[in-house]
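Scroll down for the structure; my scribbles are underneath it.
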Amino acid sequence: MPGAPSGPRANLGEELLLASRLVDGGLRQNELSVPSIHCGACVARIERVLGILPGVERARVNLSTRRVSVAWRGEAPPLVETLNEAGFEAHLHATGAEEKDPAMGELVRALAVAGFAAGNIMMLSVGVWSGADAETRDIFHWLSAAIALPSLAYCGRVFFRSAWQAVRRGRTNMDVPISIGVLLAFGMSLYETVHHGPHAYFDAAISLLFFLLIGRTLDHVMRERARTAVKGLASLAARGAWVVEPDGARHYLAVDAIRPGMTLLLAAGDRVPVDARIVEGRSDLDVSLISGESLPRPVAPGTLLQAGTLNVTGPLTIEATAVARDSFLAEMTRMMEAAETGRAGYRRLADRAARLYAPVIHVTALATFIGWMVATDDLHRAVTIAIAVLIITCPCALGLAVPMVQVMAARRLFERGIMIKGSGALERLAEADHVVFDKTGTLTKGVPDLADRGVIDPDLLGIAAAMAAHSNHPYAQAIAAEGRAREARTVVLTDLVEQAGAGLEGRMGDVVYRLGRPDWTRTGDTGPGVALSANGRLLCSFRLRDELRPGAREAVAALVAKGLSVEILSGDHQEAVQRVAASLNLPWRAAVSPAEKVAHIAALTAGGAKVLMVGDGLNDAPALAAAHVSMATASAADVGRNAADIVFLHDDLTAIPEAIWTAGGAGTLIRQNFALAVAYNALAVPVAVLGYVTPLIAAIAMSASSILVIANALRLGKRPNRGNIGTLPEAPQTPALEAGR
C-alpha cells in the first residue's frame, strides 16, 4: 500500500510497539540503552531530539544507567533511528537482562596502556632533562613519539570518539576541549621533534591522558558503587520458571516469555519469577523485600505473590498474573532508577551550565592564545597555555554535581525501604513544612483486631464467628479469626444474609441473630464496635482496635522536633480519629471526604505551606496528587501508589522523617558540589590564563576536582545518628487504639 512503512523501518516500529508497556490511557513507554551517554550535554541533546518527535510526550535520560525512558502515544516514533542520526548508538533495552558494561573494560585497558606509556616516556624525558646533547635528545624525542603515537590512538579514543560524534553534528561536549588539548600537545611536540627543537611534551600529552582516564574510571566505578541497590534488585529477579501446559507437558521458559494465565511450578528455594497467584500448595515465603520482616509468611491457595519474593519451604503451583516488565520487582527497579532521571531544578541548572561551558571554554582558550601571542610573540608558550586552559576548565565536576548525589540518595532511601519516583520529589520533600497524615492504614495498620480477647463467652463467640465467616468486612474477618484461634464451637445458621453497611442476619431455630452495627442489631443503641443480638436482645459486644503502625510515635516526635506542623485528616468517624489523635497529641479532622481533603490542602498551600501528604487508600489519591509532595505505603491501592511521589515498603513510619533528612542532606550536598565546582573554576581559570599551569598540572587539577565532587556526594551514604532525623524520645509500648464505625 502506498505510504505504508516497509522493510527495516516497519520492523523497528513493530519491535518498538511490542517492547513498550502501557502506562496510562494510550500512553506507551520504552526503555532504550544508549551506551555513549556520559555528560550533561549528551543528556540535553538526547532529550531535545527525541522530545520534538511527533507523538513523544516526554524523554528522560538516566546518566548512570545510560538509558533513556520515552513516553509516546499514537504511531511508534523512530526513536532508535533519531538517536543514531544524532550520533548516539542506541538499541531497545531488554528488561531483566543482565547487561555487561563494555565501557568499564575499555577504560581499564586504556588506563593501563596510558600508565605504561607515560612511565616509559617519562624515563626518556629524564635523560633529556639531565642535559643530554642535541643528537641524544633527538633520539629520545623520536623514541617518545614512537611510544606516544599508538598510545594516543588507543587511549585517546575514549575521548576522541565522543568529541568527533559531537563535532560532526555541529554540537559540542566536554570531550571536545579535552581532545583538542591532547592533540595540540602531541602535535606541538611532534613539530618540535621534526625541527630538532629543545622542547617536546610527549610525556605531558600521555600523562595528561593517564590522569584524565583515572578521573573517568573513578567516576565510572563510583557510579557503579552508588547503584549497587539497583543491581541488588536485579539479582532478585528469577531467570525463568517451569511452565505446565494444559496437556500436562512441562518446559522451562525464560522470565520475559512468561505471560499472564500460564501455570508455573515453584520449588522450595526458588524466587517468584513474576507476579502470580497460588493455585495449589502451601509454603512459607520470605517477603523481607516488601515488608522488611525477616520472619517467613505462610501462604496458601489464593494468596497473591509478588516477583522477587523467595519460596522457602514447600513446592507451589502458581498462575502468572503479569508479565515480567509489569511485575512488582520491575516497578521497584524503575522507581529506583527514576530518582536520577527527573528534571529537578538543580539538575536543570547543572545541565544548562554544562551546555554553555564548552563554547565558553573554547572562546577563553582562543582569547588566551591571542593574548599571549600579542604579549610575547612566542607561539610555543601561547599554545601551551591555551592547552592548559582547555583542559583545566573542563566541566566534569559540574556535570557530576547533581546526578551523583541523586544516585546516593536513591540508594540510601532504598536501604530504608523508600522508593523515590523522581528526583524532583527529593527537592520538594526537603521543602515540606506541613505534614498531613491519613489515619486508617497509614498511622494505623488498617487491620482491626479484637480488644477484649478472652472476655467473650465461647458459645457466643462461636455463633458470631460462624456468621462473620460469611462476610469480607474487616470487622467480620477479625471476629472469624478470633473464633478460629480459640477453636470456638461450630454452629450452623440458616437464611444467612448480609445487609450492606449494617451487618449479618441468620436463624437458628426460632431465634434470629444479628451481628453488626449496634443501632441495627438492637433498638436504641448507637455505641461503637460490633454487637451480637438474639431476637433484638443484646447478647454481647465486640470492641475492635486498630493498632498504630510501628514507629508512628517516633516518626511524629521527629517531625515535630524538626519544626514541621503535623495533623491528621481522615475519612473515618470522629471517635476513632480522636482516639488516634489523642494518643499522638495531634490536631485532627474526621469524616473528611476526598474532595474536602483536596480543599484543605489547597487552603494550606494558599497560605504558603509546603504540604507533605501521607496516605494509602483509594480515597487519598486526589489529596496525594494535590500536595506539594506525597508519600504512600506499598500496601496502598494502585492508584494511590501511582499518585504519590514516594512509596515506602516497610511498616515502620520512621522512614518518613529519615526520608526528609535524606532529602535535606542531598540538597545540602548538591549546593556544596555547585560551590566546589564554581570555586574550582574561579580559581583555576585565572591561574591557567596567566600561564602558571602546565597541561599536565591542568589534567591533575581537573581530575582532582571531579573526584572531590564525587567523594562529597558519597558522604550521603553514611547513616546518621538517630538524632539527625529529630529527637526520638523513648515511648511506652504502642497502645491498641479502639476503632468503631
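Ordering of the C-alpha cells sets the chain letters (A, B, ...), residue numbers begin anew at 1 in every chain, and ligands are numbered from 1 in the order given.
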
**Request:** Determine which residues of segment 554-714 of chain A DSSP labels as strand (DSSP E) from the backbone of this structure, then write them out as a ChimeraX atom specification.
**Result:** /A:565-569,588-589,611-615,629-633,646-648

Keeping only N, CA and C atoms, write the selected residues to a file as a PDB file, in the first residue's frame.
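Output file selection_37.pdb is given in full below:
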```pdb
ATOM      1  N   SER A 565       4.753  21.255  61.066  1.00  0.00           N
ATOM      2  CA  SER A 565       3.383  21.146  61.568  1.00  0.00           C
ATOM      3  C   SER A 565       2.826  19.802  61.118  1.00  0.00           C
ATOM      4  N   VAL A 566       2.135  19.101  62.029  1.00  0.00           N
ATOM      5  CA  VAL A 566       1.615  17.766  61.730  1.00  0.00           C
ATOM      6  C   VAL A 566       0.149  17.703  62.134  1.00  0.00           C
ATOM      7  N   GLU A 567      -0.688  17.090  61.295  1.00  0.00           N
ATOM      8  CA  GLU A 567      -2.108  16.928  61.616  1.00  0.00           C
ATOM      9  C   GLU A 567      -2.642  15.650  60.977  1.00  0.00           C
ATOM     10  N   ILE A 568      -3.813  15.215  61.450  1.00  0.00           N
ATOM     11  CA  ILE A 568      -4.489  14.036  60.911  1.00  0.00           C
ATOM     12  C   ILE A 568      -5.728  14.490  60.150  1.00  0.00           C
ATOM     13  N   LEU A 569      -5.889  13.947  58.941  1.00  0.00           N
ATOM     14  CA  LEU A 569      -7.050  14.259  58.097  1.00  0.00           C
ATOM     15  C   LEU A 569      -7.616  12.916  57.640  1.00  0.00           C
ATOM     16  N   TRP A 588      -6.663  17.193  64.586  1.00  0.00           N
ATOM     17  CA  TRP A 588      -7.284  16.223  63.688  1.00  0.00           C
ATOM     18  C   TRP A 588      -8.584  16.749  63.099  1.00  0.00           C
ATOM     19  N   ARG A 589      -8.973  16.118  61.988  1.00  0.00           N
ATOM     20  CA  ARG A 589     -10.288  16.322  61.384  1.00  0.00           C
ATOM     21  C   ARG A 589     -10.811  14.958  60.954  1.00  0.00           C
ATOM     22  N   VAL A 611       3.026  21.264  51.649  1.00  0.00           N
ATOM     23  CA  VAL A 611       2.363  20.137  52.298  1.00  0.00           C
ATOM     24  C   VAL A 611       2.938  18.803  51.842  1.00  0.00           C
ATOM     25  N   LEU A 612       3.294  17.967  52.821  1.00  0.00           N
ATOM     26  CA  LEU A 612       3.603  16.556  52.572  1.00  0.00           C
ATOM     27  C   LEU A 612       2.381  15.759  52.990  1.00  0.00           C
ATOM     28  N   MET A 613       1.737  15.068  52.033  1.00  0.00           N
ATOM     29  CA  MET A 613       0.569  14.240  52.313  1.00  0.00           C
ATOM     30  C   MET A 613       1.019  12.788  52.380  1.00  0.00           C
ATOM     31  N   VAL A 614       0.642  12.097  53.467  1.00  0.00           N
ATOM     32  CA  VAL A 614       0.972  10.682  53.632  1.00  0.00           C
ATOM     33  C   VAL A 614      -0.334   9.914  53.729  1.00  0.00           C
ATOM     34  N   GLY A 615      -0.598   9.027  52.759  1.00  0.00           N
ATOM     35  CA  GLY A 615      -1.858   8.290  52.745  1.00  0.00           C
ATOM     36  C   GLY A 615      -1.680   6.926  52.123  1.00  0.00           C
ATOM     37  N   VAL A 629       4.265  17.511  47.923  1.00  0.00           N
ATOM     38  CA  VAL A 629       4.965  16.233  47.777  1.00  0.00           C
ATOM     39  C   VAL A 629       4.150  15.209  48.550  1.00  0.00           C
ATOM     40  N   SER A 630       4.207  13.941  48.137  1.00  0.00           N
ATOM     41  CA  SER A 630       3.334  12.938  48.746  1.00  0.00           C
ATOM     42  C   SER A 630       4.050  11.613  48.917  1.00  0.00           C
ATOM     43  N   MET A 631       3.597  10.870  49.949  1.00  0.00           N
ATOM     44  CA  MET A 631       4.121   9.536  50.220  1.00  0.00           C
ATOM     45  C   MET A 631       2.952   8.584  50.392  1.00  0.00           C
ATOM     46  N   ALA A 632       3.155   7.345  49.948  1.00  0.00           N
ATOM     47  CA  ALA A 632       2.128   6.319  50.116  1.00  0.00           C
ATOM     48  C   ALA A 632       2.803   5.032  50.544  1.00  0.00           C
ATOM     49  N   THR A 633       2.056   4.173  51.214  1.00  0.00           N
ATOM     50  CA  THR A 633       2.578   2.875  51.620  1.00  0.00           C
ATOM     51  C   THR A 633       2.524   1.909  50.439  1.00  0.00           C
ATOM     52  N   ILE A 646       6.531   9.337  46.417  1.00  0.00           N
ATOM     53  CA  ILE A 646       7.418   8.451  47.166  1.00  0.00           C
ATOM     54  C   ILE A 646       6.586   7.298  47.707  1.00  0.00           C
ATOM     55  N   VAL A 647       7.129   6.092  47.647  1.00  0.00           N
ATOM     56  CA  VAL A 647       6.452   4.913  48.187  1.00  0.00           C
ATOM     57  C   VAL A 647       7.389   4.258  49.196  1.00  0.00           C
ATOM     58  N   PHE A 648       6.883   3.989  50.431  1.00  0.00           N
ATOM     59  CA  PHE A 648       7.729   3.270  51.381  1.00  0.00           C
ATOM     60  C   PHE A 648       7.162   1.875  51.599  1.00  0.00           C
TER      61      PHE A 648
END
```

**Message:** What parts of segment 366-543 of chain A does DSSP call alpha helix (DSSP H)? I'd like the answer as an NGL selection string.
**Reply:** :A and (366-376 or 379-392 or 396-401 or 403-415 or 423-431 or 458-468 or 474-485 or 518-521)

**Request:** Tell me which of A:Ala166, A:Gly248, A:Leu32, A:Ala185 sits closest to Ser69 of chain A, counting only C-alpha atoms.
**Result:** A:Leu32

**Request:** Go through A:Lys597, A:Arg73, A:His573, A:Arg239 one by one, measure the shortest atom-to-atom distance of each to Val56 of chain A using only C-alpha atoms, and give the residue with the smallest value.
**Result:**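 Using only C-alpha atoms, Val56 of chain A sits closest to A:Arg73.
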
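Using only C-alpha atoms, the residues found no farther than 12 Å from segment 374-380 of chain A, other than those of its own chain fewer than 3 positions away, are Leu184, Ala185, Gly187, Met188, Ser189, Tyr191, Glu192, Gly197, Pro198, His199, Ala200, Tyr201, Ala367, Thr368, Phe369, Ile370, Gly371, Val383, Thr384, Ile385, Ala386, Ile387, Leu690 and Gly691 of chain A.
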
Just want the 8 Å neighbourhood of Ser144 of chain A, counted on only C-alpha atoms, with same-chain residues fewer than 3 positions away dropped. Output as a PDB file with N, CA and C atoms, in the first residue's frame.
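Contents of result19.pdb, freshly written:
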```
ATOM      1  N   ILE A 121      57.877   7.016  28.676  1.00  0.00           N
ATOM      2  CA  ILE A 121      58.226   8.316  28.098  1.00  0.00           C
ATOM      3  C   ILE A 121      58.836   9.220  29.164  1.00  0.00           C
ATOM      4  N   LEU A 124      62.475   8.446  29.467  1.00  0.00           N
ATOM      5  CA  LEU A 124      63.237   9.047  28.376  1.00  0.00           C
ATOM      6  C   LEU A 124      63.378  10.554  28.585  1.00  0.00           C
ATOM      7  N   PHE A 140      65.876  10.498  21.804  1.00  0.00           N
ATOM      8  CA  PHE A 140      64.903  10.277  22.874  1.00  0.00           C
ATOM      9  C   PHE A 140      63.534  10.840  22.493  1.00  0.00           C
ATOM     10  N   HIS A 141      63.533  11.987  21.798  1.00  0.00           N
ATOM     11  CA  HIS A 141      62.264  12.557  21.376  1.00  0.00           C
ATOM     12  C   HIS A 141      61.553  11.650  20.379  1.00  0.00           C
ATOM     13  N   ILE A 147      56.441   5.809  21.030  1.00  0.00           N
ATOM     14  CA  ILE A 147      55.603   5.235  22.089  1.00  0.00           C
ATOM     15  C   ILE A 147      54.286   6.000  22.205  1.00  0.00           C
ATOM     16  N   ALA A 148      54.373   7.323  22.056  1.00  0.00           N
ATOM     17  CA  ALA A 148      53.201   8.170  22.289  1.00  0.00           C
ATOM     18  C   ALA A 148      52.130   8.007  21.215  1.00  0.00           C
ATOM     19  N   PHE A 202      55.699  15.075  24.834  1.00  0.00           N
ATOM     20  CA  PHE A 202      55.059  13.766  24.708  1.00  0.00           C
ATOM     21  C   PHE A 202      54.689  13.211  26.082  1.00  0.00           C
ATOM     22  N   ASP A 203      55.569  13.422  27.057  1.00  0.00           N
ATOM     23  CA  ASP A 203      55.283  12.941  28.407  1.00  0.00           C
ATOM     24  C   ASP A 203      54.041  13.630  28.971  1.00  0.00           C
TER      25      ASP A 203
END
```

**Request:** Work out how far apart atom CA of Leu461 of chain A and atom CA of Glu505 of chain A are and give it in Å to one decimal.
**Result:** 15.2 Å

**Message:** What's the separation between atom CA of Gly119 of chain A and atom CA of Val685 of chain A, in Å to one decimal place?
**Reply:** 28.5 Å

**Asked** If you count only C-alpha atoms, which residues fall within 10 Å of Gly127 of chain A, apart from same-chain ones fewer than 6 positions away, as a ChimeraX atom specification?
**Response** /A:133,136-137,140

Print the selection's residues with C-alpha atoms to a file, as a compact mmCIF listing (two decimals), in the first residue's frame.
```
# COMPACT_ATOMS: atom_id res chain seq x y z
CA ASP A 133 73.41 16.52 23.87
CA THR A 136 70.79 12.10 22.03
CA ARG A 137 67.90 14.46 22.78
CA PHE A 140 64.90 10.28 22.87
```

**Item:** Who sits within 8 Å of Gly240 of chain A, only C-alpha atoms, same chain under 3 positions skipped, as a ChimeraX atom specification
**Value:** /A:252-256,273

Exercise: Ala267 of chain A partners within 10 Å, only C-alpha atoms, chain neighbours under 3 positions left out, as a PDB file with C-alpha atoms, in the first residue's frame:
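Written out: around38.pdb:
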```pdb
ATOM      1  CA  ALA A 241      10.429 -20.941  35.510  1.00  0.00           C
ATOM      2  CA  TRP A 242       8.954 -24.359  34.704  1.00  0.00           C
ATOM      3  CA  LEU A 264       4.149 -22.326  36.773  1.00  0.00           C
ATOM      4  CA  ASP A 270      13.100 -20.552  44.043  1.00  0.00           C
ATOM      5  CA  ARG A 271      12.232 -16.888  43.676  1.00  0.00           C
ATOM      6  CA  VAL A 272       8.835 -15.918  42.297  1.00  0.00           C
ATOM      7  CA  SER A 283       4.561 -22.879  51.926  1.00  0.00           C
ATOM      8  CA  LEU A 310      11.542 -16.241  47.954  1.00  0.00           C
ATOM      9  CA  ASN A 311       9.664 -19.541  48.356  1.00  0.00           C
ATOM     10  CA  VAL A 312      11.190 -21.085  51.487  1.00  0.00           C
ATOM     11  CA  THR A 313       9.673 -24.422  52.474  1.00  0.00           C
ATOM     12  CA  GLY A 314       7.316 -26.196  50.056  1.00  0.00           C
ATOM     13  CA  PRO A 315       6.557 -26.567  46.333  1.00  0.00           C
ATOM     14  CA  LEU A 316       3.812 -24.385  44.879  1.00  0.00           C
ATOM     15  CA  THR A 317       1.773 -24.324  41.709  1.00  0.00           C
TER      16      THR A 317
END
```
